Amino acid sequence: MGYEMTLLKLAIKSSLNRKASVLLTLCTIAISVMLLLSIERVRQDAKSSFSNTISGTDLIVGARTGDIQLLLSSVFRIGHTNNAVSWQSYLDIKDRKGVAWTIPISLGDSHKGHAVLGTDDAYFTHYRYGKKQHLAFQQGRAFHNGQEVVLGSDVASKLHYHIGQQIVISHGMGNTSFHHHDDNPMTIVGILAPTGTPVDKTLHIPLIAVDEMHQQSHKQPILIGNKPQKTNDHDHDHDHDHDHDHDHDHDHDQHDTHHDEHGHQQFTLDSQPGDLIGAPKQITAFLMGFDSPLYTLQVRRNINMYKAEPLLAIMPGITLRELWEMLDIVEKILLLFSIVVVLVSLLGMLTTLLATLSQRRRELAILRSVGARPIHIFALMSSEAILITFMGCLAGCMLFYGLLITANPLLQSQFGISLTIDWLSNYELMLLGAIMAAGTLMGLLPAARAYFYSLADGMSIKI
Amino acid sequence: MLTITDLTHTWPGQSQPTLNIKALHIDKGERVFLYGPSGCGKSTLLGLLAGINMLQSGQVKILNTDLATLSHANRDRFRADHIGTIFQSFNLLPYLNPLENVTLGCEFSKQRHKRLADKNTDVKTEATRLLNALGINESVLSQDVSKLSIGQQQRVAAARAFIGEPELIIADEPTSSLDADNRQAFIETLFSQAKGYQASILFVSHDQSLASLFDRQISLSDINGV
Ligand SMILES: Nc1ncnc2c1ncn2[C@@H]1O[C@H](COP(=O)(O)OP(=O)(O)OP(=O)(O)O)[C@@H](O)[C@H]1O
Ligand SMILES: [Mg+2]
């Protein structure tokens with residue numbers, strides 16, 4: 001066709017000449033694009049963080065409630081939990097044929113807003129998440145006795161806790177709990193690697209510790225968050241490193257030598273192995289793995305008809321899917337709305353382009369007189385639409401990333417969904433491609449009209 | 001330079017032909033004044049000569065090229081290369097400055113570029129030279145065209161028609177929005193530019209007072225057999 005550069009230059013200058021209306025159109029497109037991308041990113045990330053929360057567990061057993069309720073309380077720490085599976089039942093079911101492993105969990109306590117989970121060492125060997133990944137230690141090791149605690153990675157980084165520190169764990173889920181179990185300080189012996197699941201926000205203690213602190217008489221709090229013999233400036237050093245450097249192993253080594261040099265008492269991970277379970281009466285729930293799926297179904301049926309107490313066994317994969325399907329409608333409606341918003345913004349562009357077209361017939365006749373072909377007129381008009389849509393998409397992406405960066409901490413803290421601040425996924429690029437295609441298609445309409453105007457008008461220009 | 005034989009033109013939807021011209025000839029360098037009552041088909045004729053309106057029957061030869069033998073694309077290219085156009089009013093693109101409006105005359109023509117190159121000049125220098133020659137002040141060259149007076153706008157349009165030395169200049173009532181003094185001055189500047197390279201001018205107007213300035217006066221009603 002030739003003259004692409006000339007036409008592009010004309011398209012840009014003509015668009016700039018109608019700044020106000022073009023800018024307005026561009027803004028509506030940008031905002032709609034941002035909306036669509038944000039909704040899709042949240043949807044995708046929520047979905048993946050959801051389905052990655054637990055894997056490799058065949059059954060979750062708890063007191064009889066709803067399937068989804070049990071899943072939410074045992075895995076997502078959402079909703080009310082009370083210990084309602086007797087230890088006796090647990091031991092009974094644990095010994096059934098085909099059971100490969102079990103993890104008892106006891107929830108209900110909290111530490112500065114983070115859930116405290118009582119369990120045994122099976123948790124660290126059998127709990128799996130994501131693509132059947134095992135839990136890994138970023139630092140330290142599993143607990144060996146009733147005075148030791150293992151932190152999720154978020155707990156450690158948010159509260160600036162480190163290995164060797166002693167903390168106090170309170171009873172109840174509230175942040176401002178009345179009775180702190182102050183006479184029961186626990187030593188941090190391990191920090192788990194980040195998983196992107198509620199495990200990160202959990203403190204793990206042995207079952208015996210849960211039991212012990214509940215048995216103690218309620219006393220007035222004495223002091224909170226005390227640390228082993230350390231000077232203040234040293235603490236500052238340490239906190240600083242935790243903020244900015246996640247190479248904890250390395251960190252720790254450095255601090256060890258630091259301790260030695262200054263002759264401080266050094267914390268070691270050596271401790272006396274002790275009883276981890278004690279004599280609990282009840283637990284909240286337990287996770288089970290089986291040797292074969294056949295056993296899973298059989299034991300599940302047995303548990304659901306358990307005589308001694310009303311129990312419920314769920315298959316987490318299925319319940320997760322049910323939960324997601326419940327949200328699916330909402331999710332689809334959101335997607336539909338955001339697509340409609342994008343379409344409306346593109347229709348807005350079409351309206352303004354068509355409205356200005358009749359005023360621009362003169363412009364088209366001038367271009368014809370200097371030798372522009374009708375096809376050039378067509379290209380000029382459609383490239384304006386493409387240009388506006390493209391700029392709208394670009395601005396929309398910028399707004400999207402702006403929103404992502406500002407909203408991420410909020411979503412993370414409020415809903416536990418961490419958004420991936422990443423380059424656009426193929427799916428998102430495809431969405432943008434579809435918007436570009438729709439914008440281009442819409443641009444064809446004024447372009448076609450301009451084409452026929454330029455053929456029909458001839459030399460006489462009507463204003 | 002321009003020869004018309006047996007040209008007829010009927011607009012779609014009309015029962016009578018608008019034009020029916022047996023013969024018309026314009027020489028190289030000739031300045032022709034074409035007049036006639038409103039609606040008699042002057043603009044239609046110019047559109048046919050420029051190759052914007054489709055030729056229905058008869059022959060139009062410009063520079064020994066039969067327009068009917070050209071494809072659509074080549075007719076548009078022929079216009080870009082050989083014909084400069086000035087309209088009655090609003091000749092300029094509002095989003096280009098005066099200088100850019102003049103250089104627009106070369107944008108769709110390789111041949112106009114080539115002619116300028118042969119004269120050892122480039123589009124911008126030539127546009128500036130033409131604008132100066134037509135009395136457009138240097139200071140308004142990059143101004144908003146809407147700030148120019150009507151007279152200035154018409155002279156910018158004339159500069160666009162002349163840039164790259166097209167052989168035929170077609171002007172469709174370019175002076176009707178000018179006052180009497182400016183009309184004559186405008187036509188004289190057109191003539192001085194055309195003289196430089198022997199361009200032919202076909203000037204349409206119904207203002208008979210200007211007719212005497214031209215080499216030849218043609219009444220369309222006289223040659224039009226409708
Ligand atoms: N684009 C067009 N489509 C259809 N009919 C047209 C078109 N342009 C002109 N006509 C018709 O052709 C006839 C001649 O119009 P034209 O514009 O050529 O007259 P004119 O001599 O230039 O008039 P004026 O002096 O008012 O400019 C008119 O009857 C008009 O209705
Ligand atoms: Mg006319």
# chains A, B, ... in the order shown; residues from 1 in each chain; ligands from 1
>>> residues_near_ligand(ligand="ligand 1", cutoff="9 Å", atoms="only C-alpha atoms and all ligand atoms", output="ChimeraX atom specification")
/A:455-461 /B:10-14,17-19,35-47,53,88,172-173,204-206,220
>>> interface_residues(of="chain A", to="chain B", cutoff="8 Å", atoms="only C-alpha atoms", output="ChimeraX atom specification")
/A:3,6,13-14,16-17,362-363,366,368-373,455,458-460
>>> write_last_selection(atoms="all heavy atoms", output="short mmCIF file (atom, residue, chain, number, x, y, z; two decimals), in the first residue's frame")
data_model
loop_
_atom_site.label_atom_id
_atom_site.label_comp_id
_atom_site.auth_asym_id
_atom_site.auth_seq_id
_atom_site.Cartn_x
_atom_site.Cartn_y
_atom_site.Cartn_z
N TYR A 3 3.17 4.42 1.95
CA TYR A 3 2.80 5.62 2.72
C TYR A 3 2.34 5.31 4.15
O TYR A 3 1.61 6.08 4.73
CB TYR A 3 1.72 6.43 1.99
CG TYR A 3 2.07 6.70 0.55
CD1 TYR A 3 1.34 6.15 -0.49
CD2 TYR A 3 3.17 7.50 0.23
CE1 TYR A 3 1.68 6.39 -1.81
CE2 TYR A 3 3.52 7.74 -1.09
CZ TYR A 3 2.77 7.18 -2.11
OH TYR A 3 3.11 7.41 -3.39
N THR A 6 3.48 8.04 6.58
CA THR A 6 2.69 9.26 6.41
C THR A 6 1.35 9.13 7.11
O THR A 6 0.92 10.01 7.85
CB THR A 6 2.45 9.52 4.92
OG1 THR A 6 3.72 9.56 4.27
CG2 THR A 6 1.73 10.82 4.69
N LYS A 13 -1.32 12.77 14.65
CA LYS A 13 -1.56 14.22 14.77
C LYS A 13 -3.04 14.52 14.83
O LYS A 13 -3.46 15.39 15.59
CB LYS A 13 -0.93 14.94 13.57
CG LYS A 13 0.58 14.94 13.69
CD LYS A 13 1.24 16.01 12.88
CE LYS A 13 2.66 16.17 13.36
NZ LYS A 13 3.52 16.85 12.38
N SER A 14 -3.82 13.79 14.06
CA SER A 14 -5.26 14.04 14.08
C SER A 14 -5.85 13.64 15.43
O SER A 14 -6.72 14.32 15.95
CB SER A 14 -5.90 13.28 12.92
OG SER A 14 -7.09 12.69 13.31
N LEU A 16 -4.18 13.67 18.28
CA LEU A 16 -3.72 14.67 19.25
C LEU A 16 -4.55 15.94 19.14
O LEU A 16 -4.77 16.64 20.12
CB LEU A 16 -2.24 14.99 19.01
CG LEU A 16 -1.25 13.93 19.49
CD1 LEU A 16 0.16 14.32 19.15
CD2 LEU A 16 -1.39 13.71 21.00
N ASN A 17 -5.02 16.22 17.92
CA ASN A 17 -5.80 17.43 17.71
C ASN A 17 -7.14 17.36 18.43
O ASN A 17 -7.70 18.37 18.82
CB ASN A 17 -6.04 17.61 16.21
CG ASN A 17 -6.67 18.94 15.89
OD1 ASN A 17 -6.22 19.96 16.38
ND2 ASN A 17 -7.73 18.93 15.11
N ARG A 362 -14.48 16.82 5.20
CA ARG A 362 -13.66 17.82 4.51
C ARG A 362 -12.19 17.41 4.52
O ARG A 362 -11.50 17.45 3.50
CB ARG A 362 -13.84 19.15 5.21
CG ARG A 362 -13.00 20.27 4.71
CD ARG A 362 -13.51 21.57 5.26
NE ARG A 362 -14.81 21.89 4.71
CZ ARG A 362 -15.00 22.42 3.50
NH1 ARG A 362 -13.96 22.67 2.72
NH2 ARG A 362 -16.20 22.70 3.07
N GLU A 363 -11.76 16.97 5.71
CA GLU A 363 -10.38 16.50 5.87
C GLU A 363 -10.09 15.36 4.88
O GLU A 363 -9.02 15.32 4.26
CB GLU A 363 -10.26 16.02 7.31
CG GLU A 363 -8.92 15.52 7.73
CD GLU A 363 -9.00 14.93 9.14
OE1 GLU A 363 -9.73 15.47 9.98
OE2 GLU A 363 -8.32 13.91 9.37
N ILE A 366 -9.69 16.67 1.33
CA ILE A 366 -8.37 17.30 1.14
C ILE A 366 -7.31 16.23 0.89
O ILE A 366 -6.50 16.33 -0.03
CB ILE A 366 -8.00 18.16 2.37
CG1 ILE A 366 -8.95 19.35 2.51
CG2 ILE A 366 -6.55 18.66 2.27
CD1 ILE A 366 -8.87 20.06 3.83
N ARG A 368 -7.78 13.28 -0.26
CA ARG A 368 -8.00 12.72 -1.59
C ARG A 368 -7.38 13.62 -2.66
O ARG A 368 -6.76 13.15 -3.61
CB ARG A 368 -9.51 12.58 -1.86
CG ARG A 368 -10.16 11.45 -1.13
CD ARG A 368 -9.90 10.11 -1.77
NE ARG A 368 -10.75 9.86 -2.94
CZ ARG A 368 -10.34 9.24 -4.02
NH1 ARG A 368 -9.09 8.85 -4.13
NH2 ARG A 368 -11.17 9.03 -5.03
N SER A 369 -7.54 14.93 -2.49
CA SER A 369 -7.07 15.85 -3.53
C SER A 369 -5.54 15.85 -3.65
O SER A 369 -5.02 16.12 -4.72
CB SER A 369 -7.57 17.27 -3.25
OG SER A 369 -6.77 17.87 -2.25
N VAL A 370 -4.85 15.55 -2.56
CA VAL A 370 -3.39 15.49 -2.67
C VAL A 370 -2.91 14.10 -3.06
O VAL A 370 -1.71 13.83 -3.06
CB VAL A 370 -2.65 15.96 -1.39
CG1 VAL A 370 -2.93 17.42 -1.12
CG2 VAL A 370 -3.01 15.09 -0.20
N GLY A 371 -3.84 13.22 -3.39
CA GLY A 371 -3.43 11.94 -3.95
C GLY A 371 -3.64 10.72 -3.08
O GLY A 371 -3.29 9.62 -3.45
N ALA A 372 -4.26 10.92 -1.88
CA ALA A 372 -4.52 9.76 -1.02
C ALA A 372 -5.59 8.89 -1.67
O ALA A 372 -6.55 9.40 -2.23
CB ALA A 372 -4.98 10.22 0.35
N ARG A 373 -5.39 7.60 -1.61
CA ARG A 373 -6.36 6.68 -2.18
C ARG A 373 -7.43 6.37 -1.14
O ARG A 373 -7.18 6.49 0.06
CB ARG A 373 -5.66 5.37 -2.59
CG ARG A 373 -4.49 5.59 -3.52
CD ARG A 373 -4.15 4.30 -4.19
NE ARG A 373 -5.38 3.76 -4.78
CZ ARG A 373 -5.55 2.48 -5.05
NH1 ARG A 373 -4.60 1.61 -4.79
NH2 ARG A 373 -6.67 2.06 -5.59
N LEU A 455 -15.31 8.09 -1.58
CA LEU A 455 -15.65 7.74 -2.96
C LEU A 455 -16.80 8.60 -3.47
O LEU A 455 -16.80 9.06 -4.61
CB LEU A 455 -16.06 6.26 -3.04
CG LEU A 455 -14.91 5.25 -3.05
CD1 LEU A 455 -15.49 3.85 -3.11
CD2 LEU A 455 -13.98 5.50 -4.21
N GLY A 458 -16.35 13.09 -3.95
CA GLY A 458 -15.68 13.70 -5.10
C GLY A 458 -14.99 15.00 -4.71
O GLY A 458 -14.45 15.12 -3.61
N MET A 459 -15.05 15.96 -5.60
CA MET A 459 -14.33 17.21 -5.38
C MET A 459 -15.11 18.17 -4.49
O MET A 459 -14.54 19.02 -3.83
CB MET A 459 -14.09 17.91 -6.74
CG MET A 459 -12.88 17.41 -7.46
SD MET A 459 -11.37 17.95 -6.67
CE MET A 459 -11.17 19.56 -7.40
N SER A 460 -16.44 18.07 -4.56
CA SER A 460 -17.23 19.04 -3.80
C SER A 460 -17.28 18.59 -2.34
O SER A 460 -17.71 17.48 -2.05
CB SER A 460 -18.63 19.13 -4.38
OG SER A 460 -19.15 17.82 -4.52
#
>>> select_by_dssp(residues="stretch 7-222 of chain B", states="helix (DSSP H, G or I)", output="PyMOL selection string")
chain B and resi 42-50+67-69+72-82+98-107+110-118+123-133+138-140+145-147+150-162+180-197+208-213+220-222
>>> write_last_selection(atoms="C-alpha atoms", output="compact mmCIF listing (two decimals), in the first residue's frame")
# COMPACT_ATOMS: atom_id res chain seq x y z
CA LYS B 42 -18.28 23.08 -12.78
CA SER B 43 -17.13 21.14 -9.71
CA THR B 44 -18.22 17.91 -11.34
CA LEU B 45 -15.99 18.65 -14.32
CA LEU B 46 -13.01 19.44 -12.08
CA GLY B 47 -13.58 16.19 -10.17
CA LEU B 48 -13.51 14.27 -13.45
CA LEU B 49 -10.30 16.00 -14.55
CA ALA B 50 -8.65 15.30 -11.20
CA LEU B 67 -7.36 8.88 -17.66
CA ALA B 68 -9.79 6.12 -18.60
CA THR B 69 -6.92 3.72 -19.24
CA HIS B 72 -7.88 3.46 -9.72
CA ALA B 73 -4.53 3.41 -8.00
CA ASN B 74 -2.75 4.92 -10.97
CA ARG B 75 -5.37 7.62 -11.35
CA ASP B 76 -4.85 8.62 -7.72
CA ARG B 77 -1.10 8.55 -8.29
CA PHE B 78 -1.49 10.60 -11.48
CA ARG B 79 -3.42 13.25 -9.57
CA ALA B 80 -0.79 13.31 -6.83
CA ASP B 81 1.97 13.72 -9.39
CA HIS B 82 0.49 16.14 -11.93
CA PRO B 98 0.95 25.74 7.69
CA LEU B 99 4.32 24.30 6.72
CA GLU B 100 3.11 20.71 7.15
CA ASN B 101 -0.02 21.51 5.18
CA VAL B 102 2.18 22.57 2.27
CA THR B 103 4.50 19.58 2.44
CA LEU B 104 1.38 17.35 2.50
CA GLY B 105 1.22 18.14 -1.23
CA CYS B 106 4.29 15.95 -1.75
CA GLU B 107 3.47 13.17 0.73
CA LYS B 110 7.23 10.31 -5.53
CA GLN B 111 7.42 12.38 -8.68
CA ARG B 112 6.95 15.69 -6.90
CA HIS B 113 9.78 14.68 -4.58
CA LYS B 114 11.90 13.83 -7.57
CA ARG B 115 11.27 17.16 -9.25
CA LEU B 116 12.34 18.94 -6.09
CA ALA B 117 15.45 16.78 -5.89
CA ASP B 118 16.24 17.68 -9.50
CA VAL B 123 10.41 19.57 0.52
CA LYS B 124 10.80 21.75 3.60
CA THR B 125 12.97 24.40 1.97
CA GLU B 126 10.72 24.52 -1.05
CA ALA B 127 7.61 24.81 1.12
CA THR B 128 9.18 27.68 3.05
CA ARG B 129 10.23 29.36 -0.19
CA LEU B 130 6.74 29.04 -1.67
CA LEU B 131 5.07 30.35 1.47
CA ASN B 132 7.40 33.33 1.48
CA ALA B 133 6.78 33.94 -2.19
CA GLU B 138 7.94 33.29 8.51
CA SER B 139 6.52 33.71 12.03
CA VAL B 140 3.23 31.97 11.29
CA VAL B 145 -3.83 27.05 11.00
CA SER B 146 -7.08 28.19 12.60
CA LYS B 147 -5.23 31.37 13.70
CA ILE B 150 -8.94 33.32 5.36
CA GLY B 151 -6.63 35.02 2.86
CA GLN B 152 -3.56 33.48 4.45
CA GLN B 153 -5.24 30.07 4.50
CA GLN B 154 -5.96 30.29 0.77
CA ARG B 155 -2.35 31.23 0.05
CA VAL B 156 -1.12 28.26 2.10
CA ALA B 157 -3.46 26.10 0.02
CA ALA B 158 -1.99 27.60 -3.14
CA ALA B 159 1.52 26.81 -1.94
CA ARG B 160 0.41 23.20 -1.41
CA ALA B 161 -1.00 23.06 -4.94
CA PHE B 162 2.22 24.37 -6.45
CA ALA B 180 -12.24 42.22 -3.70
CA ASP B 181 -8.69 43.52 -3.09
CA ASN B 182 -7.42 40.20 -1.92
CA ARG B 183 -8.98 38.37 -4.86
CA GLN B 184 -6.93 40.16 -7.44
CA ALA B 185 -3.75 39.90 -5.36
CA PHE B 186 -4.35 36.21 -4.85
CA ILE B 187 -4.81 35.55 -8.56
CA GLU B 188 -1.69 37.50 -9.37
CA THR B 189 0.39 35.41 -6.97
CA LEU B 190 -1.06 32.27 -8.58
CA PHE B 191 -0.01 33.55 -11.99
CA SER B 192 3.50 34.45 -10.91
CA GLN B 193 4.02 30.94 -9.52
CA ALA B 194 2.54 29.25 -12.59
CA LYS B 195 4.68 31.34 -14.92
CA GLY B 196 7.82 30.02 -13.24
CA TYR B 197 7.43 26.56 -14.77
CA GLN B 208 -17.11 37.77 -13.84
CA SER B 209 -14.97 40.70 -12.64
CA LEU B 210 -11.95 38.40 -12.48
CA ALA B 211 -12.41 36.99 -15.98
CA SER B 212 -10.34 39.65 -17.72
CA LEU B 213 -7.20 38.62 -15.82
CA LEU B 220 -19.54 26.01 -19.19
CA SER B 221 -23.12 26.56 -20.30
CA ASP B 222 -21.83 27.29 -23.82
>>> select_by_dssp(residues="chain B", states="strand (DSSP E or B)", output="ChimeraX atom specification")
/B:2-9,19-26,31-35,57-62,65-66,83-86,168-172,200-204,216-219,224
>>> write_last_selection(atoms="C-alpha atoms", output="JSON list (two decimals), in the first residue's frame")
[["chain", "number", "residue", "atom", "x", "y", "z"],
["B", 2, "LEU", "CA", -5.52, 18.85, -21.53],
["B", 3, "THR", "CA", -7.99, 17.53, -24.06],
["B", 4, "ILE", "CA", -11.61, 16.53, -23.51],
["B", 5, "THR", "CA", -13.66, 14.78, -26.19],
["B", 6, "ASP", "CA", -17.30, 13.67, -26.02],
["B", 7, "LEU", "CA", -17.41, 13.71, -22.24],
["B", 8, "THR", "CA", -20.73, 12.93, -20.59],
["B", 9, "HIS", "CA", -21.40, 12.50, -16.91],
["B", 19, "LEU", "CA", -22.18, 17.22, -18.30],
["B", 20, "ASN", "CA", -22.08, 16.63, -22.03],
["B", 21, "ILE", "CA", -18.96, 18.27, -23.48],
["B", 22, "LYS", "CA", -18.05, 17.73, -27.14],
["B", 23, "ALA", "CA", -14.55, 19.16, -26.96],
["B", 24, "LEU", "CA", -12.32, 21.26, -24.74],
["B", 25, "HIS", "CA", -8.61, 21.89, -25.05],
["B", 26, "ILE", "CA", -6.21, 23.71, -22.74],
["B", 31, "ARG", "CA", -4.70, 30.24, -17.81],
["B", 32, "VAL", "CA", -8.38, 29.49, -18.25],
["B", 33, "PHE", "CA", -11.33, 31.08, -16.47],
["B", 34, "LEU", "CA", -14.33, 28.71, -16.30],
["B", 35, "TYR", "CA", -17.65, 30.22, -15.26],
["B", 57, "SER", "CA", -17.95, 7.99, -21.17],
["B", 58, "GLY", "CA", -15.77, 10.05, -23.45],
["B", 59, "GLN", "CA", -12.12, 10.80, -23.21],
["B", 60, "VAL", "CA", -10.02, 12.96, -20.90],
["B", 61, "LYS", "CA", -6.37, 13.24, -21.86],
["B", 62, "ILE", "CA", -3.96, 15.05, -19.59],
["B", 65, "THR", "CA", -2.37, 10.18, -20.73],
["B", 66, "ASP", "CA", -5.90, 8.88, -21.19],
["B", 83, "ILE", "CA", -2.45, 18.09, -10.49],
["B", 84, "GLY", "CA", -2.52, 20.69, -7.73],
["B", 85, "THR", "CA", -5.91, 21.53, -6.20],
["B", 86, "ILE", "CA", -7.28, 24.57, -4.36],
["B", 168, "LEU", "CA", -2.10, 21.46, -13.97],
["B", 169, "ILE", "CA", -3.54, 23.64, -11.20],
["B", 170, "ILE", "CA", -7.27, 23.23, -10.56],
["B", 171, "ALA", "CA", -8.91, 25.92, -8.45],
["B", 172, "ASP", "CA", -12.58, 25.65, -7.52],
["B", 200, "SER", "CA", -1.69, 25.51, -16.79],
["B", 201, "ILE", "CA", -4.42, 26.92, -14.56],
["B", 202, "LEU", "CA", -8.10, 25.99, -14.70],
["B", 203, "PHE", "CA", -9.84, 28.52, -12.49],
["B", 204, "VAL", "CA", -13.54, 28.18, -11.67],
["B", 216, "ARG", "CA", -9.20, 32.64, -21.98],
["B", 217, "GLN", "CA", -12.74, 32.64, -20.60],
["B", 218, "ILE", "CA", -15.01, 29.66, -21.06],
["B", 219, "SER", "CA", -18.67, 29.56, -20.17],
["B", 224, "ASN", "CA", -22.08, 21.93, -22.20]]
>>> closest_residue(among="A:Tyr453, A:Trp423, A:Tyr306, A:Phe286", to="A:Arg361", atoms="only C-alpha atoms")
A:Tyr453
>>> residues_around(residues="stretch 148-160 of chain A", least_positions_apart="3", cutoff="6 Å", atoms="only C-alpha atoms", output="number ranges by chain")
A: 143, 145, 186-194, 199-205, 239
>>> atom_distance(atom1="atom CA of A:Gly118", atom2="atom CA of A:Ser106")
4.7 Å
>>> closest_residue(among="B:Gln16, B:Thr121, B:Ser176, B:Gln198", to="ligand 2", atoms="only C-alpha atoms and all ligand atoms")
B:Ser176
>>> atom_distance(atom1="atom CA of A:Leu380", atom2="atom CA of A:Ala395")
22.3 Å
>>> residues_around(residues="stretch 321-328 of chain A", least_positions_apart="4", cutoff="12 Å", atoms="only C-alpha atoms", output="PyMOL selection string")
chain A and resi 43-44+46-52+66-72+314-317+332-335
>>> closest_residue(among="A:Ala308, A:Ile388, A:Ile377, A:Val42", to="A:Ser418", atoms="only C-alpha atoms")
A:Val42
>>> closest_residue(among="A:Ser292, A:Ser38, A:Ser271, A:Thr440", to="A:Leu387", atoms="only C-alpha atoms")
A:Thr440
>>> atom_distance(atom1="atom CA of A:Ile29", atom2="atom CA of A:Gly392")
5.1 Å
>>> residues_around(residues="A:Asp45", least_positions_apart="5", cutoff="12 Å", atoms="only C-alpha atoms", output="short mmCIF file (atom, residue, chain, number, x, y, z; two decimals) with N, CA, C and O atoms, in the first residue's frame")
data_model
loop_
_atom_site.label_atom_id
_atom_site.label_comp_id
_atom_site.auth_asym_id
_atom_site.auth_seq_id
_atom_site.Cartn_x
_atom_site.Cartn_y
_atom_site.Cartn_z
N LEU A 37 -7.97 -7.05 33.88
CA LEU A 37 -6.72 -7.71 34.24
C LEU A 37 -6.67 -8.00 35.74
O LEU A 37 -6.28 -9.10 36.15
N SER A 38 -7.12 -7.04 36.55
CA SER A 38 -7.06 -7.23 38.00
C SER A 38 -7.95 -8.37 38.43
O SER A 38 -7.54 -9.24 39.20
N ILE A 39 -9.18 -8.36 37.92
CA ILE A 39 -10.12 -9.41 38.30
C ILE A 39 -9.58 -10.77 37.89
O ILE A 39 -9.62 -11.74 38.65
N GLU A 40 -9.02 -10.82 36.70
CA GLU A 40 -8.49 -12.10 36.23
C GLU A 40 -7.28 -12.54 37.05
O GLU A 40 -7.14 -13.72 37.36
N PHE A 50 -5.46 -21.47 46.44
CA PHE A 50 -6.48 -22.32 47.00
C PHE A 50 -6.17 -23.79 46.83
O PHE A 50 -6.07 -24.54 47.77
N SER A 51 -5.98 -24.16 45.57
CA SER A 51 -5.83 -25.59 45.31
C SER A 51 -4.44 -26.08 45.67
O SER A 51 -4.21 -27.28 45.76
N ASN A 52 -3.51 -25.17 45.94
CA ASN A 52 -2.17 -25.59 46.33
C ASN A 52 -2.01 -25.73 47.83
O ASN A 52 -0.94 -26.07 48.31
N GLY A 196 3.45 -20.37 50.67
CA GLY A 196 2.32 -19.68 50.04
C GLY A 196 0.98 -20.22 50.52
O GLY A 196 -0.03 -20.05 49.86
N ASN A 408 -1.50 -5.43 46.85
CA ASN A 408 -0.98 -6.74 47.23
C ASN A 408 -0.85 -6.93 48.74
O ASN A 408 -1.30 -7.94 49.27
N LEU A 411 -4.40 -7.49 50.25
CA LEU A 411 -4.98 -8.79 49.93
C LEU A 411 -4.26 -9.89 50.70
O LEU A 411 -4.86 -10.83 51.19
N GLN A 412 -2.95 -9.73 50.79
CA GLN A 412 -2.12 -10.71 51.48
C GLN A 412 -2.52 -10.80 52.94
O GLN A 412 -2.72 -11.88 53.48
N PHE A 415 -6.81 -11.50 53.10
CA PHE A 415 -7.40 -12.71 52.54
C PHE A 415 -6.40 -13.83 52.29
O PHE A 415 -6.75 -14.90 51.85
N GLY A 416 -5.13 -13.53 52.55
CA GLY A 416 -4.11 -14.56 52.37
C GLY A 416 -3.85 -14.91 50.93
O GLY A 416 -3.25 -15.91 50.62
N ILE A 417 -4.33 -14.04 50.00
CA ILE A 417 -4.05 -14.28 48.60
C ILE A 417 -2.85 -13.42 48.24
O ILE A 417 -2.91 -12.20 48.34
N SER A 418 -1.76 -14.06 47.87
CA SER A 418 -0.65 -13.23 47.45
C SER A 418 -0.64 -13.21 45.93
O SER A 418 -0.60 -14.24 45.27
N LEU A 419 -0.75 -11.99 45.38
CA LEU A 419 -0.79 -11.85 43.92
C LEU A 419 0.62 -11.97 43.38
O LEU A 419 1.57 -11.50 44.00
N THR A 420 0.74 -12.57 42.22
CA THR A 420 2.05 -12.64 41.60
C THR A 420 2.27 -11.35 40.84
O THR A 420 1.53 -11.02 39.92
N ILE A 421 3.28 -10.60 41.27
CA ILE A 421 3.63 -9.37 40.55
C ILE A 421 4.66 -9.78 39.52
O ILE A 421 5.85 -9.76 39.74
N ASP A 422 4.12 -10.18 38.39
CA ASP A 422 4.92 -10.86 37.41
C ASP A 422 4.62 -10.22 36.07
O ASP A 422 3.69 -9.44 35.95
N SER A 425 0.84 -12.92 32.01
CA SER A 425 0.82 -14.33 31.61
C SER A 425 0.31 -14.43 30.18
O SER A 425 -0.26 -13.49 29.64
#
